[in-house]
$ cat final_36.pdb   # PDB, C-alpha atoms, pLDDT in the B column
ATOM      1  CA  PRO A 194     -33.060 -74.295 -37.439  1.00 46.00           C
ATOM      2  CA  THR A 195     -36.278 -73.089 -39.122  1.00 43.00           C
ATOM      3  CA  MET A 196     -38.401 -74.990 -36.586  1.00 42.00           C
ATOM      4  CA  ILE A 197     -36.409 -73.474 -33.737  1.00 41.00           C
ATOM      5  CA  VAL A 198     -36.942 -69.958 -35.092  1.00 44.00           C
ATOM      6  CA  GLN A 199     -40.678 -70.603 -35.508  1.00 47.00           C
ATOM      7  CA  GLN A 200     -40.856 -71.806 -31.897  1.00 48.00           C
ATOM      8  CA  MET A 201     -38.919 -68.726 -30.795  1.00 45.00           C
ATOM      9  CA  SER A 202     -41.326 -66.525 -32.756  1.00 46.00           C
ATOM     10  CA  ILE A 203     -44.354 -68.066 -31.018  1.00 46.00           C
ATOM     11  CA  THR A 204     -42.699 -67.821 -27.610  1.00 45.00           C
ATOM     12  CA  ILE A 205     -41.683 -64.182 -28.086  1.00 44.00           C
ATOM     13  CA  THR A 206     -45.118 -63.237 -29.386  1.00 48.00           C
ATOM     14  CA  LYS A 207     -46.907 -64.942 -26.474  1.00 48.00           C
ATOM     15  CA  TYR A 208     -44.530 -63.348 -23.980  1.00 45.00           C
ATOM     16  CA  PHE A 209     -44.974 -59.800 -25.191  1.00 48.00           C
ATOM     17  CA  THR A 210     -48.696 -60.227 -25.814  1.00 49.00           C
ATOM     18  CA  LYS A 211     -49.208 -61.438 -22.246  1.00 50.00           C
ATOM     19  CA  ARG A 212     -46.905 -58.832 -20.749  1.00 50.00           C
ATOM     20  CA  ASN A 213     -48.472 -55.948 -22.652  1.00 53.00           C
ATOM     21  CA  GLY A 214     -52.116 -56.851 -22.182  1.00 54.00           C
ATOM     22  CA  GLY A 215     -52.702 -58.136 -25.691  1.00 53.00           C
ATOM     23  CA  ASN A 216     -50.312 -55.733 -27.429  1.00 53.00           C
ATOM     24  CA  THR A 217     -48.528 -57.334 -30.410  1.00 48.00           C
ATOM     25  CA  MET A 218     -45.144 -55.847 -29.637  1.00 48.00           C
ATOM     26  CA  GLY A 219     -43.568 -59.254 -30.210  1.00 48.00           C
ATOM     27  CA  GLN A 220     -44.627 -59.193 -33.845  1.00 49.00           C
ATOM     28  CA  GLU A 221     -42.950 -55.809 -34.276  1.00 49.00           C
ATOM     29  CA  LEU A 222     -39.763 -57.221 -32.800  1.00 47.00           C
ATOM     30  CA  LEU A 223     -39.744 -60.094 -35.278  1.00 48.00           C
ATOM     31  CA  VAL A 224     -40.339 -57.773 -38.225  1.00 51.00           C
ATOM     32  CA  ALA A 225     -37.088 -55.998 -37.288  1.00 53.00           C
ATOM     33  CA  ILE A 226     -35.091 -59.174 -37.974  1.00 55.00           C
ATOM     34  CA  PRO A 227     -34.073 -59.364 -41.675  1.00 57.00           C
ATOM     35  CA  GLU A 228     -35.260 -62.347 -43.688  1.00 57.00           C
ATOM     36  CA  SER A 229     -31.660 -63.240 -44.510  1.00 55.00           C
ATOM     37  CA  VAL A 230     -30.994 -64.081 -40.846  1.00 53.00           C
ATOM     38  CA  ALA A 231     -34.351 -65.691 -40.135  1.00 54.00           C
ATOM     39  CA  ASN A 232     -32.805 -69.155 -39.957  1.00 54.00           C
ATOM     40  CA  LEU A 233     -30.155 -68.222 -37.420  1.00 54.00           C
ATOM     41  CA  GLN A 234     -31.014 -69.559 -33.986  1.00 57.00           C
ATOM     42  CA  LEU A 235     -29.763 -66.650 -31.889  1.00 51.00           C
ATOM     43  CA  PRO A 236     -28.529 -63.780 -34.085  1.00 59.00           C
ATOM     44  CA  ASN A 237     -26.397 -61.370 -32.082  1.00 69.00           C
ATOM     45  CA  PRO A 238     -26.639 -57.634 -32.873  1.00 70.00           C
ATOM     46  CA  GLU A 239     -23.308 -57.513 -34.737  1.00 70.00           C
ATOM     47  CA  LEU A 240     -24.234 -60.427 -36.990  1.00 73.00           C
ATOM     48  CA  ARG A 241     -27.707 -59.021 -37.591  1.00 73.00           C
ATOM     49  CA  ASN A 242     -26.238 -55.626 -38.533  1.00 75.00           C
ATOM     50  CA  TYR A 243     -23.730 -57.315 -40.836  1.00 72.00           C
ATOM     51  CA  TYR A 244     -26.526 -59.017 -42.788  1.00 75.00           C
ATOM     52  CA  ARG A 245     -28.512 -55.801 -42.932  1.00 82.00           C
ATOM     53  CA  ASP A 246     -25.514 -54.055 -44.476  1.00 82.00           C
ATOM     54  CA  ILE A 247     -24.984 -56.887 -46.955  1.00 87.00           C
ATOM     55  CA  GLU A 248     -28.621 -56.551 -48.031  1.00 86.00           C
ATOM     56  CA  HIS A 249     -27.858 -52.934 -48.948  1.00 89.00           C
ATOM     57  CA  ARG A 250     -24.463 -53.743 -50.523  1.00 95.00           C
ATOM     58  CA  ILE A 251     -22.474 -51.983 -47.816  1.00 95.00           C
ATOM     59  CA  LEU A 252     -19.003 -53.299 -46.986  1.00 97.00           C
ATOM     60  CA  TYR A 253     -16.531 -52.086 -44.366  1.00 96.00           C
ATOM     61  CA  ILE A 254     -12.753 -51.848 -44.314  1.00 96.00           C
ATOM     62  CA  ASP A 255     -12.377 -50.866 -40.676  1.00 95.00           C
ATOM     63  CA  ASP A 256      -9.127 -52.500 -39.619  1.00 94.00           C
ATOM     64  CA  GLN A 257      -5.667 -53.355 -40.867  1.00 94.00           C
ATOM     65  CA  ILE A 258      -5.724 -54.213 -44.581  1.00 95.00           C
ATOM     66  CA  ASP A 259      -4.669 -57.812 -45.167  1.00 93.00           C
ATOM     67  CA  GLU A 260      -5.821 -61.044 -46.806  1.00 92.00           C
ATOM     68  CA  ASN A 261      -9.249 -60.583 -45.207  1.00 92.00           C
ATOM     69  CA  LEU A 262     -10.039 -58.290 -48.141  1.00 94.00           C
ATOM     70  CA  LEU A 263     -10.737 -61.540 -49.975  1.00 95.00           C
ATOM     71  CA  GLU A 264     -14.084 -61.766 -48.167  1.00 94.00           C
ATOM     72  CA  LEU A 265     -15.070 -58.379 -49.579  1.00 96.00           C
ATOM     73  CA  SER A 266     -13.836 -59.456 -53.006  1.00 97.00           C
ATOM     74  CA  LYS A 267     -16.165 -62.458 -52.882  1.00 97.00           C
ATOM     75  CA  GLU A 268     -19.156 -60.193 -52.282  1.00 97.00           C
ATOM     76  CA  ILE A 269     -18.176 -57.854 -55.129  1.00 98.00           C
ATOM     77  CA  ILE A 270     -17.844 -60.797 -57.519  1.00 98.00           C
ATOM     78  CA  ARG A 271     -21.175 -62.240 -56.351  1.00 97.00           C
ATOM     79  CA  TRP A 272     -23.008 -58.933 -56.900  1.00 97.00           C
ATOM     80  CA  ASN A 273     -21.489 -58.564 -60.368  1.00 98.00           C
ATOM     81  CA  LYS A 274     -22.780 -62.046 -61.137  1.00 97.00           C
ATOM     82  CA  GLU A 275     -26.263 -61.125 -59.888  1.00 96.00           C
ATOM     83  CA  ASP A 276     -26.188 -57.956 -62.004  1.00 97.00           C
ATOM     84  CA  LYS A 277     -24.982 -59.628 -65.192  1.00 95.00           C
ATOM     85  CA  ASP A 278     -28.156 -58.908 -67.172  1.00 95.00           C
ATOM     86  CA  VAL A 279     -28.885 -55.557 -65.518  1.00 97.00           C
ATOM     87  CA  PRO A 280     -27.842 -52.372 -67.384  1.00 97.00           C
ATOM     88  CA  ILE A 281     -24.926 -50.739 -65.567  1.00 96.00           C
ATOM     89  CA  GLU A 282     -26.822 -47.497 -64.967  1.00 94.00           C
ATOM     90  CA  GLN A 283     -29.583 -49.480 -63.208  1.00 96.00           C
ATOM     91  CA  ARG A 284     -27.317 -51.480 -60.895  1.00 97.00           C
ATOM     92  CA  ILE A 285     -27.325 -50.796 -57.161  1.00 96.00           C
ATOM     93  CA  PRO A 286     -23.895 -49.380 -56.245  1.00 97.00           C
ATOM     94  CA  ILE A 287     -21.611 -51.215 -53.821  1.00 98.00           C
ATOM     95  CA  LYS A 288     -20.473 -48.921 -50.998  1.00 98.00           C
ATOM     96  CA  ILE A 289     -17.125 -49.530 -49.313  1.00 98.00           C
ATOM     97  CA  MET A 290     -16.800 -47.683 -45.996  1.00 98.00           C
ATOM     98  CA  ILE A 291     -13.187 -47.061 -45.008  1.00 98.00           C
ATOM     99  CA  ASP A 292     -11.566 -46.433 -41.634  1.00 98.00           C
ATOM    100  CA  SER A 293      -8.165 -48.073 -41.856  1.00 97.00           C
ATOM    101  CA  PRO A 294      -4.515 -47.461 -40.924  1.00 95.00           C
ATOM    102  CA  GLY A 295      -3.428 -49.205 -44.124  1.00 94.00           C
ATOM    103  CA  GLY A 296      -1.698 -52.531 -44.570  1.00 93.00           C
ATOM    104  CA  ASP A 297      -0.559 -55.110 -47.078  1.00 93.00           C
ATOM    105  CA  VAL A 298       0.318 -53.810 -50.538  1.00 93.00           C
ATOM    106  CA  SER A 299      -0.375 -57.136 -52.302  1.00 93.00           C
ATOM    107  CA  ALA A 300      -3.901 -57.357 -50.900  1.00 95.00           C
ATOM    108  CA  THR A 301      -4.439 -53.689 -51.730  1.00 96.00           C
ATOM    109  CA  TRP A 302      -3.314 -54.013 -55.337  1.00 96.00           C
ATOM    110  CA  SER A 303      -5.480 -57.041 -56.140  1.00 96.00           C
ATOM    111  CA  PHE A 304      -8.482 -55.343 -54.510  1.00 97.00           C
ATOM    112  CA  ILE A 305      -7.919 -52.130 -56.471  1.00 97.00           C
ATOM    113  CA  LYS A 306      -7.793 -54.084 -59.727  1.00 97.00           C
ATOM    114  CA  LEU A 307     -11.048 -55.826 -58.815  1.00 98.00           C
ATOM    115  CA  ILE A 308     -12.676 -52.436 -58.250  1.00 98.00           C
ATOM    116  CA  GLU A 309     -11.374 -51.363 -61.641  1.00 97.00           C
ATOM    117  CA  ILE A 310     -12.988 -54.230 -63.544  1.00 97.00           C
ATOM    118  CA  SER A 311     -16.239 -54.304 -61.576  1.00 98.00           C
ATOM    119  CA  LYS A 312     -19.093 -53.315 -63.890  1.00 98.00           C
ATOM    120  CA  THR A 313     -21.354 -52.774 -60.905  1.00 98.00           C
ATOM    121  CA  PRO A 314     -20.447 -49.282 -59.617  1.00 98.00           C
ATOM    122  CA  ILE A 315     -18.309 -49.192 -56.488  1.00 98.00           C
ATOM    123  CA  TRP A 316     -18.399 -46.147 -54.253  1.00 98.00           C
ATOM    124  CA  THR A 317     -15.681 -45.605 -51.648  1.00 98.00           C
ATOM    125  CA  VAL A 318     -16.363 -43.560 -48.527  1.00 98.00           C
ATOM    126  CA  ASN A 319     -13.845 -42.265 -45.986  1.00 98.00           C
ATOM    127  CA  LEU A 320     -15.613 -42.663 -42.647  1.00 97.00           C
ATOM    128  CA  CYS A 321     -12.724 -41.464 -40.492  1.00 96.00           C
ATOM    129  CA  CYS A 322      -9.154 -42.316 -41.528  1.00 97.00           C
ATOM    130  CA  ALA A 323      -8.054 -43.561 -44.943  1.00 97.00           C
ATOM    131  CA  TYR A 324      -4.348 -43.992 -44.360  1.00 97.00           C
ATOM    132  CA  SER A 325      -1.678 -45.444 -46.627  1.00 95.00           C
ATOM    133  CA  ALA A 326      -3.271 -48.415 -48.457  1.00 96.00           C
ATOM    134  CA  GLY A 327      -6.655 -47.135 -47.266  1.00 97.00           C
ATOM    135  CA  ALA A 328      -6.038 -43.948 -49.273  1.00 97.00           C
ATOM    136  CA  ASP A 329      -5.171 -46.017 -52.344  1.00 97.00           C
ATOM    137  CA  ILE A 330      -8.454 -47.914 -52.105  1.00 98.00           C
ATOM    138  CA  LEU A 331     -10.392 -44.713 -51.439  1.00 98.00           C
ATOM    139  CA  ALA A 332      -9.002 -43.122 -54.611  1.00 98.00           C
ATOM    140  CA  ALA A 333      -9.850 -46.216 -56.677  1.00 98.00           C
ATOM    141  CA  GLY A 334     -13.626 -45.961 -56.258  1.00 98.00           C
ATOM    142  CA  HIS A 335     -15.861 -45.221 -59.233  1.00 98.00           C
ATOM    143  CA  LYS A 336     -17.261 -42.470 -56.999  1.00 98.00           C
ATOM    144  CA  ARG A 337     -15.264 -41.273 -53.972  1.00 98.00           C
ATOM    145  CA  PHE A 338     -16.693 -39.593 -50.877  1.00 98.00           C
ATOM    146  CA  ALA A 339     -15.528 -38.394 -47.459  1.00 98.00           C
ATOM    147  CA  MET A 340     -17.380 -37.565 -44.297  1.00 97.00           C
ATOM    148  CA  PRO A 341     -16.686 -34.165 -42.698  1.00 97.00           C
ATOM    149  CA  GLY A 342     -13.776 -34.272 -40.254  1.00 97.00           C
ATOM    150  CA  THR A 343     -11.995 -37.169 -41.964  1.00 98.00           C
ATOM    151  CA  SER A 344      -8.355 -37.440 -42.971  1.00 98.00           C
ATOM    152  CA  VAL A 345      -6.123 -39.152 -45.508  1.00 98.00           C
ATOM    153  CA  LEU A 346      -2.496 -40.201 -45.155  1.00 97.00           C
ATOM    154  CA  VAL A 347      -0.314 -40.403 -48.238  1.00 96.00           C
ATOM    155  CA  HIS A 348       3.166 -41.794 -47.804  1.00 90.00           C
ATOM    156  CA  SER A 349       5.777 -43.969 -49.434  1.00 76.00           C
ATOM    157  CA  GLY A 350       4.958 -46.976 -47.257  1.00 67.00           C
ATOM    158  CA  SER A 351       7.037 -49.220 -45.041  1.00 63.00           C
ATOM    159  CA  CYS A 352       8.520 -52.663 -45.521  1.00 59.00           C
ATOM    160  CA  TYR A 353      10.253 -55.449 -43.635  1.00 58.00           C
ATOM    161  CA  TYR A 354      12.189 -58.259 -45.279  1.00 62.00           C
ATOM    162  CA  GLY A 355      13.508 -61.446 -43.702  1.00 63.00           C
ATOM    163  CA  GLY A 356      15.152 -64.735 -44.586  1.00 70.00           C
ATOM    164  CA  THR A 357      18.421 -65.141 -46.431  1.00 80.00           C
ATOM    165  CA  GLN A 358      20.051 -62.261 -48.254  1.00 77.00           C
ATOM    166  CA  GLU A 359      18.899 -63.688 -51.560  1.00 80.00           C
ATOM    167  CA  GLN A 360      15.326 -64.084 -50.296  1.00 80.00           C
ATOM    168  CA  ALA A 361      15.296 -60.545 -48.910  1.00 76.00           C
ATOM    169  CA  GLU A 362      16.584 -59.141 -52.192  1.00 82.00           C
ATOM    170  CA  SER A 363      13.953 -61.075 -54.138  1.00 81.00           C
ATOM    171  CA  MET A 364      11.169 -59.831 -51.841  1.00 77.00           C
ATOM    172  CA  LYS A 365      12.449 -56.262 -52.085  1.00 79.00           C
ATOM    173  CA  LYS A 366      12.563 -56.400 -55.866  1.00 85.00           C
ATOM    174  CA  PHE A 367       8.983 -57.645 -56.052  1.00 82.00           C
ATOM    175  CA  GLY A 368       7.825 -55.244 -53.334  1.00 81.00           C
ATOM    176  CA  ASP A 369       9.357 -52.254 -55.110  1.00 84.00           C
ATOM    177  CA  LYS A 370       7.648 -53.224 -58.371  1.00 89.00           C
ATOM    178  CA  LEU A 371       4.269 -53.633 -56.666  1.00 90.00           C
ATOM    179  CA  THR A 372       4.603 -50.380 -54.736  1.00 90.00           C
ATOM    180  CA  LYS A 373       5.460 -48.565 -57.977  1.00 92.00           C
ATOM    181  CA  ARG A 374       2.302 -49.924 -59.614  1.00 94.00           C
ATOM    182  CA  VAL A 375       0.084 -48.846 -56.707  1.00 94.00           C
ATOM    183  CA  THR A 376       1.687 -45.396 -56.596  1.00 94.00           C
ATOM    184  CA  GLU A 377       1.263 -44.867 -60.332  1.00 95.00           C
ATOM    185  CA  TYR A 378      -2.374 -45.975 -60.097  1.00 96.00           C
ATOM    186  CA  PHE A 379      -2.993 -43.612 -57.175  1.00 96.00           C
ATOM    187  CA  LEU A 380      -1.418 -40.654 -58.960  1.00 96.00           C
ATOM    188  CA  GLY A 381      -3.338 -41.512 -62.128  1.00 96.00           C
ATOM    189  CA  HIS A 382      -6.623 -41.311 -60.203  1.00 97.00           C
ATOM    190  CA  THR A 383      -5.907 -38.068 -58.353  1.00 97.00           C
ATOM    191  CA  LYS A 384      -4.737 -34.535 -59.170  1.00 97.00           C
ATOM    192  CA  ILE A 385      -1.502 -34.922 -57.235  1.00 96.00           C
ATOM    193  CA  ASP A 386       1.583 -33.916 -59.182  1.00 96.00           C
ATOM    194  CA  PRO A 387       4.210 -36.690 -59.098  1.00 95.00           C
ATOM    195  CA  LYS A 388       6.839 -34.119 -58.072  1.00 95.00           C
ATOM    196  CA  VAL A 389       4.707 -33.032 -55.112  1.00 95.00           C
ATOM    197  CA  TYR A 390       4.158 -36.666 -54.160  1.00 94.00           C
ATOM    198  CA  LYS A 391       7.869 -37.402 -54.316  1.00 92.00           C
ATOM    199  CA  ARG A 392       8.584 -34.445 -52.041  1.00 94.00           C
ATOM    200  CA  LYS A 393       5.824 -34.991 -49.465  1.00 93.00           C
ATOM    201  CA  ALA A 394       5.243 -38.764 -49.314  1.00 89.00           C
ATOM    202  CA  PRO A 395       8.492 -39.795 -47.551  1.00 88.00           C
ATOM    203  CA  SER A 396       7.652 -37.693 -44.475  1.00 88.00           C
ATOM    204  CA  ASP A 397       3.962 -38.698 -44.224  1.00 91.00           C
ATOM    205  CA  TRP A 398       1.497 -36.303 -45.830  1.00 95.00           C
ATOM    206  CA  TYR A 399      -1.784 -35.843 -43.962  1.00 97.00           C
ATOM    207  CA  LEU A 400      -4.750 -34.225 -45.702  1.00 97.00           C
ATOM    208  CA  ASP A 401      -8.128 -33.245 -44.303  1.00 98.00           C
ATOM    209  CA  GLU A 402     -11.302 -33.739 -46.333  1.00 98.00           C
ATOM    210  CA  GLU A 403     -11.032 -30.328 -48.037  1.00 98.00           C
ATOM    211  CA  GLU A 404      -7.450 -31.036 -49.084  1.00 98.00           C
ATOM    212  CA  ALA A 405      -8.415 -34.530 -50.239  1.00 98.00           C
ATOM    213  CA  LEU A 406     -11.107 -32.953 -52.427  1.00 98.00           C
ATOM    214  CA  ALA A 407      -8.735 -30.311 -53.819  1.00 98.00           C
ATOM    215  CA  ASN A 408      -6.178 -33.001 -54.676  1.00 98.00           C
ATOM    216  CA  GLY A 409      -8.720 -35.231 -56.423  1.00 98.00           C
ATOM    217  CA  ILE A 410      -8.523 -38.111 -53.940  1.00 98.00           C
ATOM    218  CA  ILE A 411     -12.293 -37.799 -53.445  1.00 98.00           C
ATOM    219  CA  ASP A 412     -15.089 -36.348 -55.564  1.00 98.00           C
ATOM    220  CA  GLU A 413     -17.396 -35.068 -52.852  1.00 97.00           C
ATOM    221  CA  ILE A 414     -17.606 -34.230 -49.161  1.00 98.00           C
ATOM    222  CA  ILE A 415     -20.811 -35.629 -47.706  1.00 97.00           C
ATOM    223  CA  THR A 416     -23.079 -33.064 -46.062  1.00 95.00           C
ATOM    224  CA  ASP A 417     -26.268 -35.109 -46.347  1.00 95.00           C
ATOM    225  CA  LEU A 418     -26.331 -38.889 -45.822  1.00 92.00           C
ATOM    226  CA  ASP A 419     -29.112 -39.179 -48.398  1.00 92.00           C
ATOM    227  CA  VAL A 420     -26.362 -38.906 -51.021  1.00 91.00           C
ATOM    228  CA  LEU A 421     -25.280 -42.439 -50.160  1.00 90.00           C
ATOM    229  CA  PHE A 422     -28.754 -43.961 -50.106  1.00 87.00           C
TER     230      PHE A 422
END

$ encode --input "final_36.pdb" --output "structure tokens"
Amino acid sequence: PTMIVQQMSITITKYFTKRNGGNTMGQELLVAIPESVANLQLPNPELRNYYRDIEHRILYIDDQIDENLLELSKEIIRWNKEDKDVPIEQRIPIKIMIDSPGGDVSATWSFIKLIEISKTPIWTVNLCCAYSAGADILAAGHKRFAMPGTSVLVHSGSCYYGGTQEQAESMKKFGDKLTKRVTEYFLGHTKIDPKVYKRKAPSDWYLDEEEALANGIIDEIITDLDVLF
């Protein structure tokens, strides 16, 4: 693969140099490709952008929350390992960008607990919609942010059980216990009164960024992107 990339580099350089009358535009194009993807034969824009984000410790939760959170967990663990001998105040924060309708409570709970024990700071950012489990993860960040015009959905969740009656009862019992843990964690990391939550959550409670700030779900509304970088 390295040889192929070197050949591509020479070909691109010759092409742009010839086409632009000696201009080294090809070299500028190659500089734009991160070193971490240099050995990929044909990096597509999405893959290239993914590696650029990883270089800056930026992760995205931009879909349904499920077992795919494990991939983000792997990165968080890896960065904590890299930072082992670095003082916490000098570590580069991990930024988790959220735009999610919510999802699986088991995946959410394990991810929240990982955030909790991460010594490397984890910042959560609401990019658009942090709904249901997305709101729980947003509130769990060591620093919590929201873009202007974003929203949060707080509710009591939904569930579906199948199988035999005994299996359904067992799943419900475990699900209720897990949901209670997540809810208690969420309330413990916000300013929301449990009585208010109990009254509003069953009917779906939507909050804009100002309301999310007032209720302690976030710490800051972003007005300048330099805050994140």

$ closest_residue --input "final_36.pdb" --among "A:Glu404, A:Glu268, A:Glu362, A:Asp259" --to "A:Asp246" --atoms "all atoms listed in the file"
A:Glu268

$ resolve_selection --input "final_36.pdb" --expression "the PyMOL selection byres ((chain A and resi 311) around 12)" --output "PyMOL selection string"
chain A and resi 266-274+276-277+281+284+286-287+304-310+312-316+333-335

$ resolve_selection --input "final_36.pdb" --expression "the PyMOL selection byres ((chain A and resi 411) around 9)" --output "list in words"
Thr317, Val318, Asn319, Leu331, Ala332, Gly334, Lys336, Arg337, Phe338, Ala339, Thr383, Glu402, Ala405, Leu406, Ala407, Asn408, Gly409, Ile410, Asp412, Glu413 and Ile414 of chain A

$ write_last_selection --input "final_36.pdb" --atoms "C-alpha atoms" --output "PDB file, in the frame of the given file"
ATOM      1  CA  THR A 317     -15.681 -45.605 -51.648  1.00 98.00           C
ATOM      2  CA  VAL A 318     -16.363 -43.560 -48.527  1.00 98.00           C
ATOM      3  CA  ASN A 319     -13.845 -42.265 -45.986  1.00 98.00           C
ATOM      4  CA  LEU A 331     -10.392 -44.713 -51.439  1.00 98.00           C
ATOM      5  CA  ALA A 332      -9.002 -43.122 -54.611  1.00 98.00           C
ATOM      6  CA  GLY A 334     -13.626 -45.961 -56.258  1.00 98.00           C
ATOM      7  CA  LYS A 336     -17.261 -42.470 -56.999  1.00 98.00           C
ATOM      8  CA  ARG A 337     -15.264 -41.273 -53.972  1.00 98.00           C
ATOM      9  CA  PHE A 338     -16.693 -39.593 -50.877  1.00 98.00           C
ATOM     10  CA  ALA A 339     -15.528 -38.394 -47.459  1.00 98.00           C
ATOM     11  CA  THR A 383      -5.907 -38.068 -58.353  1.00 97.00           C
ATOM     12  CA  GLU A 402     -11.302 -33.739 -46.333  1.00 98.00           C
ATOM     13  CA  ALA A 405      -8.415 -34.530 -50.239  1.00 98.00           C
ATOM     14  CA  LEU A 406     -11.107 -32.953 -52.427  1.00 98.00           C
ATOM     15  CA  ALA A 407      -8.735 -30.311 -53.819  1.00 98.00           C
ATOM     16  CA  ASN A 408      -6.178 -33.001 -54.676  1.00 98.00           C
ATOM     17  CA  GLY A 409      -8.720 -35.231 -56.423  1.00 98.00           C
ATOM     18  CA  ILE A 410      -8.523 -38.111 -53.940  1.00 98.00           C
ATOM     19  CA  ASP A 412     -15.089 -36.348 -55.564  1.00 98.00           C
ATOM     20  CA  GLU A 413     -17.396 -35.068 -52.852  1.00 97.00           C
ATOM     21  CA  ILE A 414     -17.606 -34.230 -49.161  1.00 98.00           C
TER      22      ILE A 414
END

$ residues_around --input "final_36.pdb" --residues "stretch 293-303 of chain A" --least-positions-apart "3" --cutoff "8 Å" --atoms "all atoms listed in the file" --output "list of chain:residue names"
A:Ile254, A:Asp255, A:Asp256, A:Gln257, A:Ile258, A:Asp259, A:Glu260, A:Leu262, A:Lys306, A:Leu307, A:Cys322, A:Ala323, A:Tyr324, A:Ser325, A:Ala326, A:Gly327, A:Ala328, A:Asp329, A:Ile330, A:Leu371, A:Thr372, A:Val375

$ write_last_selection --input "final_36.pdb" --atoms "C-alpha atoms" --output "mmCIF file, keeping the file's coordinate frame"
data_model
loop_
_atom_site.group_PDB
_atom_site.id
_atom_site.type_symbol
_atom_site.label_atom_id
_atom_site.label_comp_id
_atom_site.auth_asym_id
_atom_site.auth_seq_id
_atom_site.Cartn_x
_atom_site.Cartn_y
_atom_site.Cartn_z
ATOM 1 C CA ILE A 254 -12.753 -51.848 -44.314
ATOM 2 C CA ASP A 255 -12.377 -50.866 -40.676
ATOM 3 C CA ASP A 256 -9.127 -52.500 -39.619
ATOM 4 C CA GLN A 257 -5.667 -53.355 -40.867
ATOM 5 C CA ILE A 258 -5.724 -54.213 -44.581
ATOM 6 C CA ASP A 259 -4.669 -57.812 -45.167
ATOM 7 C CA GLU A 260 -5.821 -61.044 -46.806
ATOM 8 C CA LEU A 262 -10.039 -58.290 -48.141
ATOM 9 C CA LYS A 306 -7.793 -54.084 -59.727
ATOM 10 C CA LEU A 307 -11.048 -55.826 -58.815
ATOM 11 C CA CYS A 322 -9.154 -42.316 -41.528
ATOM 12 C CA ALA A 323 -8.054 -43.561 -44.943
ATOM 13 C CA TYR A 324 -4.348 -43.992 -44.360
ATOM 14 C CA SER A 325 -1.678 -45.444 -46.627
ATOM 15 C CA ALA A 326 -3.271 -48.415 -48.457
ATOM 16 C CA GLY A 327 -6.655 -47.135 -47.266
ATOM 17 C CA ALA A 328 -6.038 -43.948 -49.273
ATOM 18 C CA ASP A 329 -5.171 -46.017 -52.344
ATOM 19 C CA ILE A 330 -8.454 -47.914 -52.105
ATOM 20 C CA LEU A 371 4.269 -53.633 -56.666
ATOM 21 C CA THR A 372 4.603 -50.380 -54.736
ATOM 22 C CA VAL A 375 0.084 -48.846 -56.707
#

$ atom_distance --input "final_36.pdb" --atom1 "atom CA of A:Thr416" --atom2 "atom CA of A:Leu252"
20.7 Å

$ atom_distance --input "final_36.pdb" --atom1 "atom CA of A:Leu400" --atom2 "atom CA of A:Val347"
8.0 Å

$ atom_distance --input "final_36.pdb" --atom1 "atom CA of A:Leu265" --atom2 "atom CA of A:His249"
13.9 Å

$ resolve_selection --input "final_36.pdb" --expression "the PyMOL selection byres ((chain A and resi 349) around 9)" --output "list of chain:residue names"
A:Ser325, A:Val347, A:His348, A:Gly350, A:Ser351, A:Thr372, A:Thr376, A:Tyr390, A:Lys391, A:Lys393, A:Ala394, A:Pro395, A:Ser396, A:Asp397

$ closest_residue --input "final_36.pdb" --among "A:Lys384, A:Lys288, A:Lys373, A:Lys365" --to "A:Ile247" --atoms "all atoms listed in the file"
A:Lys288

$ closest_residue --input "final_36.pdb" --among "A:Pro387, A:Tyr399, A:Leu380, A:Pro341" --to "A:Ile415" --atoms "all atoms listed in the file"
A:Pro341
